[in-house]
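Dumped coords-v8.cif below, it's mmCIF, C-alpha atoms:
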data_entry
#
loop_
_atom_site.label_atom_id
_atom_site.label_comp_id
_atom_site.auth_asym_id
_atom_site.auth_seq_id
_atom_site.Cartn_x
_atom_site.Cartn_y
_atom_site.Cartn_z
CA MET E 212 -27.21 11.76 46.34
CA THR E 213 -27.30 14.79 48.59
CA THR E 214 -27.69 18.23 47.04
CA ASN E 215 -24.06 19.01 47.92
CA LEU E 216 -22.74 15.90 46.20
CA GLU E 217 -24.87 16.59 43.12
CA SER E 218 -23.52 20.14 42.96
CA ILE E 219 -19.94 18.89 43.23
CA ALA E 220 -20.61 16.27 40.54
CA ARG E 221 -21.92 18.96 38.17
CA LYS E 222 -18.87 21.14 38.83
CA ILE E 223 -16.44 18.25 38.24
CA THR E 224 -18.22 17.23 35.05
CA THR E 225 -18.10 20.83 33.79
CA ILE E 226 -14.34 21.10 34.41
CA LEU E 227 -13.78 17.77 32.69
CA PHE E 228 -15.86 19.01 29.76
CA ALA E 229 -13.66 22.11 29.51
CA GLN E 230 -10.52 19.98 29.66
CA GLN E 231 -11.84 17.64 26.98
CA SER E 232 -12.78 20.60 24.76
CA LEU E 233 -9.34 22.18 24.91
CA ALA E 234 -7.34 18.96 24.72
CA SER E 235 -9.37 17.47 21.87
CA ALA E 236 -8.93 20.67 19.87
CA GLY E 237 -5.19 20.24 20.32
CA PHE E 238 -5.18 16.57 19.39
CA ILE E 239 -7.50 17.01 16.40
CA ALA E 240 -5.50 19.94 15.02
CA ALA E 241 -2.48 17.65 14.92
CA ALA E 242 -4.38 14.55 13.76
CA THR E 243 -5.59 16.43 10.70
CA LEU E 244 -2.02 16.54 9.40
CA ASN E 245 -0.23 13.53 10.95
CA SER E 246 -0.39 11.31 7.85
CA ILE E 247 0.70 14.16 5.57
CA VAL E 248 3.61 15.06 7.86
CA GLY E 249 4.55 11.39 8.11
CA LYS E 250 4.74 11.06 4.34
CA GLU E 251 6.64 14.34 3.92
CA LEU E 252 9.25 13.69 6.61
CA SER E 253 9.79 10.00 5.82
CA GLN E 254 9.59 10.45 2.04
CA ASN E 255 7.65 7.17 1.91
CA PRO E 256 3.85 6.97 1.48
CA SER E 257 3.77 3.55 3.17
CA TRP E 258 4.88 5.26 6.37
CA ALA E 259 2.03 7.78 6.32
CA GLY E 260 0.17 5.95 9.08
CA VAL E 261 3.26 5.38 11.23
CA PRO E 262 3.15 8.67 13.23
CA THR E 263 -0.43 8.04 14.35
CA ALA E 264 0.42 4.38 15.05
CA VAL E 265 3.33 5.45 17.28
CA TYR E 266 1.08 8.02 18.95
CA LEU E 267 -1.57 5.40 19.64
CA LEU E 268 0.91 2.76 20.81
CA ALA E 269 2.41 5.22 23.27
CA GLY E 270 -1.08 5.99 24.53
CA ALA E 271 -1.94 2.31 24.75
CA PHE E 272 1.12 1.26 26.73
CA SER E 273 0.81 4.24 29.07
CA ALA E 274 -2.93 3.80 29.72
CA PHE E 275 -2.47 0.95 32.19
CA MET E 276 0.22 3.00 33.94
CA TRP E 277 -2.11 5.99 34.15
CA GLY E 278 -4.67 3.80 35.93
CA TYR E 279 -2.23 3.24 38.78
CA VAL E 280 -1.04 6.87 38.68
CA PHE E 281 -4.62 8.13 38.98
CA ASP E 282 -5.11 5.88 42.01
CA ALA E 283 -1.85 7.01 43.60
CA ILE E 284 -1.91 10.79 43.07
CA GLY E 285 -5.57 11.40 42.24
CA ARG E 286 -7.48 12.25 39.08
CA ARG E 287 -6.61 15.96 39.20
CA ASN E 288 -2.83 15.55 39.52
CA GLY E 289 -2.86 12.72 37.00
CA LEU E 290 -4.65 14.82 34.38
CA VAL E 291 -2.35 17.81 34.92
CA THR E 292 0.67 15.55 34.52
CA GLY E 293 -0.75 14.10 31.31
CA LEU E 294 -1.56 17.50 29.82
CA THR E 295 1.96 18.71 30.63
CA SER E 296 3.28 15.78 28.61
CA GLY E 297 1.08 17.03 25.77
CA VAL E 298 2.61 20.51 25.94
CA ILE E 299 6.11 19.06 25.72
CA GLY E 300 5.19 16.60 22.96
CA SER E 301 3.54 19.24 20.78
CA SER E 302 6.56 21.51 21.17
CA VAL E 303 8.84 18.67 20.10
CA THR E 304 6.76 17.91 16.99
CA PHE E 305 6.77 21.61 16.07
CA TYR E 306 10.57 21.63 16.31
CA ALA E 307 10.83 18.36 14.35
CA ILE E 308 8.91 19.79 11.39
CA ALA E 309 11.00 22.95 11.52
CA ILE E 310 14.24 20.92 11.22
CA HIS E 311 12.62 18.26 8.96
CA SER E 312 13.44 15.34 11.28
CA PHE E 313 11.24 12.23 11.20
CA PRO E 314 12.82 10.60 14.33
CA VAL E 315 12.30 13.75 16.42
CA PHE E 316 8.72 13.94 15.15
CA MET E 317 8.20 10.36 16.39
CA LEU E 318 9.46 11.39 19.84
CA GLY E 319 6.87 14.16 19.94
CA MET E 320 4.17 11.71 18.86
CA ILE E 321 5.10 9.40 21.76
CA LEU E 322 4.69 12.20 24.30
CA MET E 323 1.40 13.32 22.76
CA GLY E 324 0.12 9.74 22.86
CA ILE E 325 0.99 9.47 26.54
CA ALA E 326 -0.92 12.71 27.13
CA ASN E 327 -3.98 11.54 25.24
CA SER E 328 -4.30 8.33 27.26
CA ALA E 329 -4.45 10.39 30.46
CA VAL E 330 -7.02 12.79 29.01
CA GLN E 331 -9.27 9.94 27.84
CA LEU E 332 -9.54 8.56 31.38
CA GLY E 333 -11.27 11.81 32.35
CA ARG E 334 -14.58 10.38 31.10
CA PHE E 335 -14.46 7.71 33.80
CA ALA E 336 -13.78 10.36 36.44
CA ALA E 337 -17.10 11.96 35.46
CA ALA E 338 -18.87 8.59 35.67
CA GLU E 339 -17.63 7.83 39.18
CA VAL E 340 -18.90 11.06 40.72
CA ASN E 341 -22.42 10.70 39.31
CA LYS E 342 -25.09 8.27 40.44
CA PRO E 343 -25.53 5.12 38.30
CA GLU E 344 -28.63 6.21 36.39
CA HIS E 345 -26.77 9.33 35.23
CA ARG E 346 -23.47 7.67 34.27
CA GLY E 347 -24.21 7.59 30.56
CA ARG E 348 -25.01 11.27 30.34
CA ALA E 349 -22.04 12.13 32.59
CA ILE E 350 -19.65 10.33 30.24
CA SER E 351 -21.35 11.88 27.22
CA ASN E 352 -21.16 15.36 28.75
CA VAL E 353 -17.38 14.99 28.88
CA VAL E 354 -17.04 13.33 25.47
CA ILE E 355 -19.16 16.08 23.90
CA GLY E 356 -16.33 18.44 24.72
CA GLY E 357 -14.76 16.99 21.62
CA THR E 358 -17.36 18.93 19.61
CA VAL E 359 -15.42 22.07 20.43
CA GLY E 360 -12.28 20.32 19.26
CA SER E 361 -14.00 19.16 16.08
CA VAL E 362 -14.81 22.76 15.22
CA ILE E 363 -11.62 24.46 16.38
CA GLY E 364 -8.99 21.79 15.74
CA PRO E 365 -9.10 21.25 11.96
CA PHE E 366 -9.78 24.88 11.10
CA VAL E 367 -6.87 26.32 13.07
CA ALA E 368 -4.46 24.25 10.98
CA GLY E 369 -4.68 26.59 7.99
CA PRO E 370 -4.34 29.98 9.76
CA ALA E 371 -1.68 28.63 12.13
CA GLY E 372 0.21 27.28 9.13
CA LYS E 373 0.18 30.66 7.45
CA LEU E 374 1.44 32.26 10.66
CA VAL E 375 4.45 29.98 11.07
CA GLY E 376 5.00 30.12 7.31
CA SER E 377 5.61 33.85 7.70
CA TRP E 378 8.39 32.90 10.13
CA GLY E 379 10.08 30.80 7.46
CA ILE E 380 8.89 27.48 8.97
CA ASP E 381 6.96 24.75 7.12
CA GLU E 382 3.24 25.55 7.32
CA LEU E 383 2.50 22.02 8.57
CA ALA E 384 4.10 22.95 11.90
CA GLY E 385 1.43 25.51 12.76
CA ALA E 386 -1.15 23.03 14.04
CA TYR E 387 1.34 21.57 16.53
CA LEU E 388 2.12 25.00 17.96
CA ILE E 389 -1.59 25.54 18.54
CA SER E 390 -1.78 22.11 20.20
CA ALA E 391 0.88 23.05 22.74
CA ILE E 392 -0.97 26.25 23.65
CA LEU E 393 -4.31 24.47 24.08
CA PHE E 394 -2.81 21.72 26.27
CA ALA E 395 -1.21 24.35 28.49
CA ILE E 396 -4.55 26.14 28.98
CA ALA E 397 -6.28 22.81 29.74
CA ALA E 398 -3.65 21.98 32.38
CA VAL E 399 -4.28 25.29 34.14
CA VAL E 400 -8.06 24.77 34.04
CA VAL E 401 -7.78 21.30 35.61
CA PHE E 402 -5.21 22.37 38.21
CA ILE E 403 -7.39 25.24 39.42
CA GLY E 404 -10.88 23.86 38.91
CA LEU E 405 -10.88 20.10 39.58
CA ARG E 406 -11.42 20.30 43.32
CA PRO E 407 -12.29 18.19 45.27
CA ASP E 408 -10.62 15.27 43.57
CA PRO E 409 -13.12 12.97 41.75
CA ARG E 410 -11.44 9.95 43.37
CA GLU E 411 -12.71 10.97 46.81
CA ILE E 412 -16.20 11.94 45.64
CA GLY E 413 -16.45 8.64 43.76
CA LYS E 414 -15.94 6.75 47.01
CA GLU E 415 -18.82 8.63 48.65
CA VAL E 416 -21.11 7.93 45.69
CA ALA E 417 -20.23 4.22 45.77
CA GLN E 418 -21.14 4.06 49.48
CA LYS E 419 -24.58 5.51 48.72
CA PHE E 420 -25.25 3.06 45.87
CA PRO E 421 -23.57 -0.23 46.88
CA GLU E 422 -26.37 -2.34 45.46
CA THR E 423 -25.57 -1.25 41.90
CA ILE E 424 -22.35 -3.27 41.83
CA ASN E 425 -23.34 -6.83 40.98
CA ARG E 426 -20.63 -8.79 42.74
CA SER E 427 -19.29 -9.86 46.13
CA ASN E 428 -17.31 -7.50 48.34
CA GLN E 429 -14.03 -9.00 47.14
CA VAL E 430 -11.85 -6.84 44.89
CA ARG E 431 -11.39 -8.75 41.65
CA SER E 432 -8.32 -8.85 39.44
CA VAL E 433 -8.41 -7.13 36.07
CA PHE E 434 -8.36 -10.48 34.26
CA GLU E 435 -11.27 -11.77 36.33
CA ILE E 436 -13.30 -8.68 35.48
CA ILE E 437 -12.41 -8.78 31.79
CA ARG E 438 -13.81 -12.32 31.46
CA GLN E 439 -17.32 -11.31 32.51
CA PRO E 440 -19.85 -11.30 29.61
CA ALA E 441 -20.91 -7.67 30.08
CA THR E 442 -17.29 -6.56 30.27
CA ILE E 443 -16.45 -8.50 27.10
CA VAL E 444 -19.25 -6.68 25.26
CA ALA E 445 -18.14 -3.27 26.58
CA VAL E 446 -14.46 -3.77 25.76
CA THR E 447 -15.18 -5.28 22.33
CA ALA E 448 -17.36 -2.30 21.42
CA MET E 449 -14.69 0.21 22.39
CA VAL E 450 -11.69 -1.68 21.03
CA LEU E 451 -13.07 -2.62 17.62
CA GLY E 452 -15.09 0.58 17.26
CA GLN E 453 -11.87 2.53 17.76
CA MET E 454 -9.94 0.31 15.35
CA VAL E 455 -12.50 0.79 12.57
CA MET E 456 -12.66 4.52 13.11
CA VAL E 457 -8.87 4.86 13.00
CA LEU E 458 -8.44 2.62 9.94
CA VAL E 459 -10.59 4.91 7.82
CA MET E 460 -10.02 8.30 9.43
CA VAL E 461 -6.22 8.26 9.55
CA ILE E 462 -5.71 7.74 5.84
CA THR E 463 -8.62 9.80 4.49
CA SER E 464 -6.65 13.05 4.58
CA LEU E 465 -3.86 11.45 2.54
CA HIS E 466 -6.45 9.92 0.17
CA MET E 467 -7.88 13.40 -0.41
CA HIS E 468 -4.42 14.92 -0.71
CA ASP E 469 -3.61 12.43 -3.47
CA HIS E 470 -6.82 13.52 -5.27
CA GLN E 471 -5.54 17.13 -5.26
CA HIS E 472 -7.91 18.44 -2.58
CA VAL E 473 -6.75 21.63 -0.87
CA LEU E 474 -6.11 21.78 2.87
CA THR E 475 -9.41 23.56 3.57
CA ASP E 476 -11.37 20.72 1.91
CA ILE E 477 -9.42 18.11 3.84
CA SER E 478 -10.04 20.03 7.06
CA ALA E 479 -13.76 20.25 6.28
CA VAL E 480 -14.07 16.46 5.90
CA ILE E 481 -12.10 15.82 9.10
CA ALA E 482 -14.26 18.41 10.87
CA SER E 483 -17.37 16.57 9.67
CA HIS E 484 -15.92 13.36 11.07
CA THR E 485 -15.01 14.80 14.46
CA PHE E 486 -18.38 16.55 14.64
CA GLY E 487 -20.00 13.13 14.25
CA MET E 488 -17.67 11.74 16.90
CA TYR E 489 -18.62 14.24 19.57
CA ALA E 490 -21.65 16.42 18.82
CA PHE E 491 -24.19 13.67 19.43
CA SER E 492 -22.68 12.55 22.74
CA ILE E 493 -25.53 14.24 24.58
CA LEU E 494 -27.91 11.94 22.69
CA SER E 495 -25.89 8.73 23.02
CA GLY E 496 -25.38 9.23 26.76
CA ARG E 497 -29.05 9.74 27.44
CA LEU E 498 -29.97 6.80 25.23
CA ALA E 499 -27.49 4.65 27.14
CA ASP E 500 -29.27 5.59 30.39
CA SER E 501 -32.85 5.25 29.12
CA TRP E 502 -32.75 2.86 26.17
CA GLY E 503 -29.96 0.58 27.35
CA ARG E 504 -26.20 0.33 26.94
CA GLU E 505 -26.35 -2.68 24.62
CA LYS E 506 -28.82 -1.11 22.15
CA VAL E 507 -26.63 1.95 21.82
CA ILE E 508 -23.60 -0.25 21.11
CA LEU E 509 -25.53 -2.24 18.47
CA SER E 510 -26.66 0.97 16.75
CA GLY E 511 -23.07 2.19 16.71
CA ALA E 512 -21.72 -0.99 15.14
CA ILE E 513 -24.36 -0.92 12.39
CA THR E 514 -23.56 2.73 11.66
CA LEU E 515 -19.85 1.92 11.38
CA VAL E 516 -20.53 -0.72 8.73
CA ILE E 517 -22.64 1.74 6.72
CA ALA E 518 -19.95 4.44 7.05
CA CYS E 519 -17.15 2.21 5.79
CA VAL E 520 -19.09 1.13 2.72
CA SER E 521 -20.17 4.73 2.04
CA ALA E 522 -16.56 5.92 2.06
CA THR E 523 -15.91 3.97 -1.15
CA ILE E 524 -18.58 5.77 -3.20
CA SER E 525 -16.55 8.79 -4.29
CA PRO E 526 -13.36 10.73 -3.43
CA ASP E 527 -15.30 14.02 -3.65
CA VAL E 528 -15.68 16.24 -0.60
CA LEU E 529 -19.42 15.80 0.04
CA PRO E 530 -19.62 11.97 -0.13
CA LEU E 531 -16.50 11.61 1.99
CA GLY E 532 -17.80 14.20 4.43
CA VAL E 533 -21.05 12.25 4.91
CA ALA E 534 -19.24 8.92 5.23
CA LEU E 535 -16.74 10.29 7.75
CA PHE E 536 -19.57 11.90 9.73
CA LEU E 537 -21.28 8.50 10.00
CA LEU E 538 -17.96 6.94 10.95
CA GLY E 539 -17.67 9.38 13.83
CA LEU E 540 -21.27 8.85 14.92
CA GLY E 541 -20.89 5.06 14.95
CA TRP E 542 -17.70 5.36 16.98
CA ASN E 543 -19.47 7.64 19.48
CA PHE E 544 -22.28 5.18 20.13
CA CYS E 545 -19.82 2.30 20.61
CA PHE E 546 -17.53 4.43 22.80
CA VAL E 547 -20.15 5.99 25.07
CA GLY E 548 -22.25 2.82 25.30
CA GLY E 549 -19.18 0.69 25.99
CA SER E 550 -17.70 3.12 28.54
CA THR E 551 -20.98 3.29 30.45
CA LEU E 552 -21.43 -0.49 30.43
CA LEU E 553 -17.88 -0.97 31.71
CA ALA E 554 -18.37 1.62 34.48
CA ASP E 555 -21.45 -0.31 35.62
CA GLN E 556 -19.34 -3.39 36.34
CA LEU E 557 -16.73 -1.82 38.65
CA SER E 558 -16.32 -0.87 42.30
CA PRO E 559 -14.15 2.13 43.33
CA ALA E 560 -11.17 -0.12 44.06
CA GLU E 561 -11.42 -1.69 40.60
CA ARG E 562 -12.04 1.40 38.48
CA ALA E 563 -8.81 3.14 37.53
CA ARG E 564 -6.69 0.07 36.80
CA THR E 565 -9.47 -1.76 34.90
CA GLN E 566 -10.33 1.34 32.90
CA GLY E 567 -6.63 1.86 32.23
CA PHE E 568 -6.34 -1.73 31.00
CA ASN E 569 -9.35 -1.20 28.76
CA ASP E 570 -7.74 1.87 27.25
CA LEU E 571 -4.53 -0.13 26.78
CA LEU E 572 -6.48 -2.57 24.60
CA VAL E 573 -8.22 0.28 22.79
CA GLY E 574 -4.90 1.95 22.08
CA LEU E 575 -3.24 -1.23 20.86
CA ALA E 576 -6.13 -1.99 18.51
CA SER E 577 -6.26 1.52 17.10
CA ALA E 578 -2.46 1.66 16.72
CA PHE E 579 -2.63 -1.56 14.75
CA GLY E 580 -5.38 -0.05 12.63
CA SER E 581 -3.40 3.11 12.00
CA LEU E 582 -0.27 1.21 11.03
CA GLU E 583 -2.12 -1.19 8.77
CA SER E 584 -4.10 1.59 7.10
CA GLY E 585 -0.96 2.98 5.50
CA PHE E 586 0.18 -0.38 4.19
CA ILE E 587 -3.27 -1.42 2.94
CA PHE E 588 -3.72 1.98 1.30
CA ALA E 589 -0.30 1.83 -0.38
CA SER E 590 -0.74 -1.71 -1.68
CA LEU E 591 -4.48 -2.18 -2.26
CA GLY E 592 -6.00 1.31 -2.23
CA TYR E 593 -8.47 3.26 -0.15
CA ASN E 594 -11.59 1.30 -1.08
CA MET E 595 -10.14 -2.05 -0.04
CA MET E 596 -9.10 -0.57 3.29
CA ALA E 597 -12.69 0.63 3.81
CA TYR E 598 -14.09 -2.81 3.02
CA VAL E 599 -11.72 -4.44 5.52
CA SER E 600 -12.88 -1.92 8.11
CA ALA E 601 -16.52 -2.81 7.43
CA ILE E 602 -15.78 -6.47 8.10
CA VAL E 603 -14.12 -5.58 11.42
CA ALA E 604 -17.18 -3.51 12.37
CA LEU E 605 -19.36 -6.61 12.01
CA LEU E 606 -17.64 -8.24 15.01
CA PRO E 607 -18.95 -5.95 17.79
CA MET E 608 -22.38 -6.11 16.15
CA ILE E 609 -22.31 -9.92 16.43
CA VAL E 610 -20.96 -9.94 20.01
CA VAL E 611 -23.56 -7.53 21.40
CA SER E 612 -26.38 -9.26 19.49
CA VAL E 613 -25.48 -12.65 21.00
CA TRP E 614 -25.28 -11.11 24.48
CA MET E 615 -28.67 -9.43 24.07
CA MET E 616 -30.29 -12.69 22.95
CA ARG E 617 -28.83 -14.56 25.92
CA LYS E 618 -30.03 -11.85 28.31
CA ASN E 619 -33.53 -12.01 26.90
CA LYS E 620 -33.52 -15.80 27.10
CA ASN E 621 -32.44 -15.72 30.76
CA GLN E 622 -35.11 -13.15 31.59
CA LEU E 623 -37.82 -15.34 30.02
CA ALA E 624 -36.60 -18.48 31.79
#
Structure re-expressed in structure tokens:
Amino acid sequence: MTTNLESIARKITTILFAQQSLASAGFIAAATLNSIVGKELSQNPSWAGVPTAVYLLAGAFSAFMWGYVFDAIGRRNGLVTGLTSGVIGSSVTFYAIAIHSFPVFMLGMILMGIANSAVQLGRFAAAEVNKPEHRGRAISNVVIGGTVGSVIGPFVAGPAGKLVGSWGIDELAGAYLISAILFAIAAVVVFIGLRPDPREIGKEVAQKFPETINRSNQVRSVFEIIRQPATIVAVTAMVLGQMVMVLVMVITSLHMHDHQHVLTDISAVIASHTFGMYAFSILSGRLADSWGREKVILSGAITLVIACVSATISPDVLPLGVALFLLGLGWNFCFVGGSTLLADQLSPAERARTQGFNDLLVGLASAFGSLESGFIFASLGYNMMAYVSAIVALLPMIVVSVWMMRKNKNQLA
């Protein structure tokens, strides 16, 4: 890459990091309370996971659409549009809590889910503007923005709640007001700073490194790409890693609430989890570039299994905090390793729609996990839900292990 292209790539990655930091803080502030709000507004503990499930389903079904939107209007305009949806959705959820309306809250969750699916595609925008050997760290440098969210998001819930409580509104609404403000700031940052558009820079980078795309010059369909062994490994890691993470994370706040933990303790455990999700991205990205995508994925799957089993040890703050930290770390390794491996398989013409389809699958799997977590928790308890999650985490571990063995066998042949 020329010095100018490298400079532009650094600038784009920095802006995407800032966007991820602000948006993740908004999403995490809300996610801390979604299951509690769901139970309170629906008056049914079995529906505690429904708001997050609706949020994830909306994100899943809009992800494929965002792939085409990003191709049509560019990454910058697509991200601004998505963040604007987040502002509107957060405002709607704030209003829903104020009037105690579960259906209106669901509408807000839909809009926030649509926003999140757009924001998540930002990691691929960073990958496409950087040269192949730096893709892992580029993705991780964006994902690590979630560290800011992991610190800010959960801890603003309490003070924001007290603020809106002084207005005569339910304290649970405070986090959603903060979310709207953070999304608005992120939209302004992207609108002003994300120039030139990553779509155009990505085309220039692809021209300089055509040999890194292991295929013919023909543009493949999404379903042709998704059947390739490396793509199967990448998608499996992200889809099932996300499902496992959501299964345990979504219901942990309600589990703690039922054990009479105060909001600050719940926030601390969720902060530990989100810190694990994002803080080590700088490590996972560099390991993906130097150690190998598949080894990072395998490490992540193993960590997820350990985390799920650890979550059953005790309902106290410290054991749950450690378990949820490991859950976040395992997710990060699967997510960054899988995202980088998928980016390796795609040409510029294949990127946005294939990545959107991947995020559709990720969203569907995690929505299913969120929905099922509430029902499993209500009928069988928290520990059984964690054991089910551990079994699911074994699947990506098996898939990547088989692929690694076949690769080694082919290299020796």
Result set, the PyMOL selection byres ((chain E and resi 579-594) around 6) on current file, as a PyMOL selection string: chain E and resi 257+259-261+264+454+457-458+523+576-578+595-597
Just-selected residues, C-alpha atoms written as an mmCIF file, in the frame of the given file:
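Saved as again_24.cif:
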data_model
loop_
_atom_site.group_PDB
_atom_site.id
_atom_site.type_symbol
_atom_site.label_atom_id
_atom_site.label_comp_id
_atom_site.auth_asym_id
_atom_site.auth_seq_id
_atom_site.Cartn_x
_atom_site.Cartn_y
_atom_site.Cartn_z
ATOM 1 C CA SER E 257 3.770 3.550 3.170
ATOM 2 C CA ALA E 259 2.030 7.780 6.320
ATOM 3 C CA GLY E 260 0.170 5.950 9.080
ATOM 4 C CA VAL E 261 3.260 5.380 11.230
ATOM 5 C CA ALA E 264 0.420 4.380 15.050
ATOM 6 C CA MET E 454 -9.940 0.310 15.350
ATOM 7 C CA VAL E 457 -8.870 4.860 13.000
ATOM 8 C CA LEU E 458 -8.440 2.620 9.940
ATOM 9 C CA THR E 523 -15.910 3.970 -1.150
ATOM 10 C CA ALA E 576 -6.130 -1.990 18.510
ATOM 11 C CA SER E 577 -6.260 1.520 17.100
ATOM 12 C CA ALA E 578 -2.460 1.660 16.720
ATOM 13 C CA MET E 595 -10.140 -2.050 -0.040
ATOM 14 C CA MET E 596 -9.100 -0.570 3.290
ATOM 15 C CA ALA E 597 -12.690 0.630 3.810
#
Result set of the PyMOL selection byres ((chain E and resi 382-394) around 7) on the coordinates above, as a VMD selection string: chain E and resid 233 to 234 237 to 238 240 to 241 294 297 to 298 301 to 302 304 to 305 308 to 309 367 to 368 371 to 373 375 to 376 380 to 381 395 to 398
Near-Ser478 (chain E) list (9 Å; all atoms listed in the file; drop same-chain fewer than 4 positions) as an MDAnalysis selection string: chainID E and resid 243 364:366 368:369 464 473:474 482:483
Selection to disk with C-alpha atoms, as a CSV table (one decimal), in the coordinates of the input:
chain,number,residue,atom,x,y,z
E,243,THR,CA,-5.6,16.4,10.7
E,364,GLY,CA,-9.0,21.8,15.7
E,365,PRO,CA,-9.1,21.2,12.0
E,366,PHE,CA,-9.8,24.9,11.1
E,368,ALA,CA,-4.5,24.2,11.0
E,369,GLY,CA,-4.7,26.6,8.0
E,464,SER,CA,-6.6,13.0,4.6
E,473,VAL,CA,-6.8,21.6,-0.9
E,474,LEU,CA,-6.1,21.8,2.9
E,482,ALA,CA,-14.3,18.4,10.9
E,483,SER,CA,-17.4,16.6,9.7
Expected selection from the PyMOL selection byres ((chain E and resi 499) around 12), given as a ChimeraX atom specification: /E:343-351,492-498,500-511,543-552,555
Can you list, as a compact mmCIF listing (two decimals) with C-alpha atoms, in the coordinates of the input, every protein, DNA or RNA residue that comes within 12 Å of Ile403 (chain E) when you count all atoms listed in the file, leaving out same-chain residues fewer than 2 positions away?
# COMPACT_ATOMS: atom_id res chain seq x y z
CA ILE E 223 -16.44 18.25 38.24
CA ILE E 226 -14.34 21.10 34.41
CA LEU E 227 -13.78 17.77 32.69
CA GLN E 230 -10.52 19.98 29.66
CA ARG E 287 -6.61 15.96 39.20
CA ASN E 288 -2.83 15.55 39.52
CA LEU E 290 -4.65 14.82 34.38
CA VAL E 291 -2.35 17.81 34.92
CA ILE E 396 -4.55 26.14 28.98
CA ALA E 397 -6.28 22.81 29.74
CA ALA E 398 -3.65 21.98 32.38
CA VAL E 399 -4.28 25.29 34.14
CA VAL E 400 -8.06 24.77 34.04
CA VAL E 401 -7.78 21.30 35.61
CA LEU E 405 -10.88 20.10 39.58
CA ARG E 406 -11.42 20.30 43.32
CA PRO E 407 -12.29 18.19 45.27
CA ASP E 408 -10.62 15.27 43.57
Nearest residue to Val533 (chain E) from the set E:Leu557, E:Thr485, E:Asp570, E:Gln418 (distances using only C-alpha atoms): E:Thr485
Enclose the full set of atoms of region 273-276 of chain E listed in the file within a box whose edges lie along x, y and z, apply 3 Å of padding to each of the six sides, and report centre and edge lengths in Å to one decimal as lines of an AutoDock Vina configuration file.
center_x = -1.1
center_y = 2.6
center_z = 31.5
size_x = 9.7
size_y = 9.3
size_z = 10.9
Long-range neighbours of Gly541 (chain E) as a ChimeraX atom specification, 9 Å cut-off, only C-alpha atoms, 5 positions minimum in chain: /E:452,456,487-488,508,510-516,518,536,546
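If you look at CA of Met320 (chain E) and CA of Thr263 (chain E), they are 7.4 Å away from each other.
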Using all atoms listed in the file: which of E:Ile481, E:Pro559, E:Ala417, E:Leu575 has the shortest distance to Ala534 (chain E):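 Checking each candidate against Ala534 (chain E), we get E:Ile481 as the closest.
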Residue contacts of Val248 (chain E) (9 Å, only C-alpha atoms) excluding same-chain residues fewer than 2 positions away, as a ChimeraX atom specification: /E:244-246,250-253,259,262,308,313,316,383-384
Computed interatomic separation between CA of Val340 (chain E) and CA of Arg438 (chain E) (Å):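 Here the two named atoms are 25.7 Å from each other.
In this comparison, which uses all atoms listed in the file, the residue of E:Gln231, E:Gln453, E:Asn569, E:Gln439 approaching Phe275 (chain E) most closely is E:Asn569.
If you look at CA of Thr442 (chain E) and CA of Phe281 (chain E), they are 21.3 Å away from each other.
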Which of E:Ala338, E:Ile299, E:Val610, E:Ala445 sits closest to Ala220 (chain E) [using only C-alpha atoms]: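 Result for the nearest residue to Ala220 (chain E): E:Ala338.
With only C-alpha atoms as the atoms that count, the minimum distance from Arg334 (chain E) to the choices E:Pro409, E:Pro440, E:Gly300, E:Pro530 is reached by E:Pro409.
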Which neighbours of Leu451 (chain E) fall inside 7 Å, counting only C-alpha atoms, when residues of the same chain fewer than 6 positions from it are skipped, and could you give them as a short mmCIF file (atom, residue, chain, number, x, y, z; two decimals) with C-alpha atoms, in the coordinates of the input?
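Just written: around.cif:
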data_model
loop_
_atom_site.label_atom_id
_atom_site.label_comp_id
_atom_site.auth_asym_id
_atom_site.auth_seq_id
_atom_site.Cartn_x
_atom_site.Cartn_y
_atom_site.Cartn_z
CA VAL E 603 -14.12 -5.58 11.42
CA ALA E 604 -17.18 -3.51 12.37
CA PRO E 607 -18.95 -5.95 17.79
#
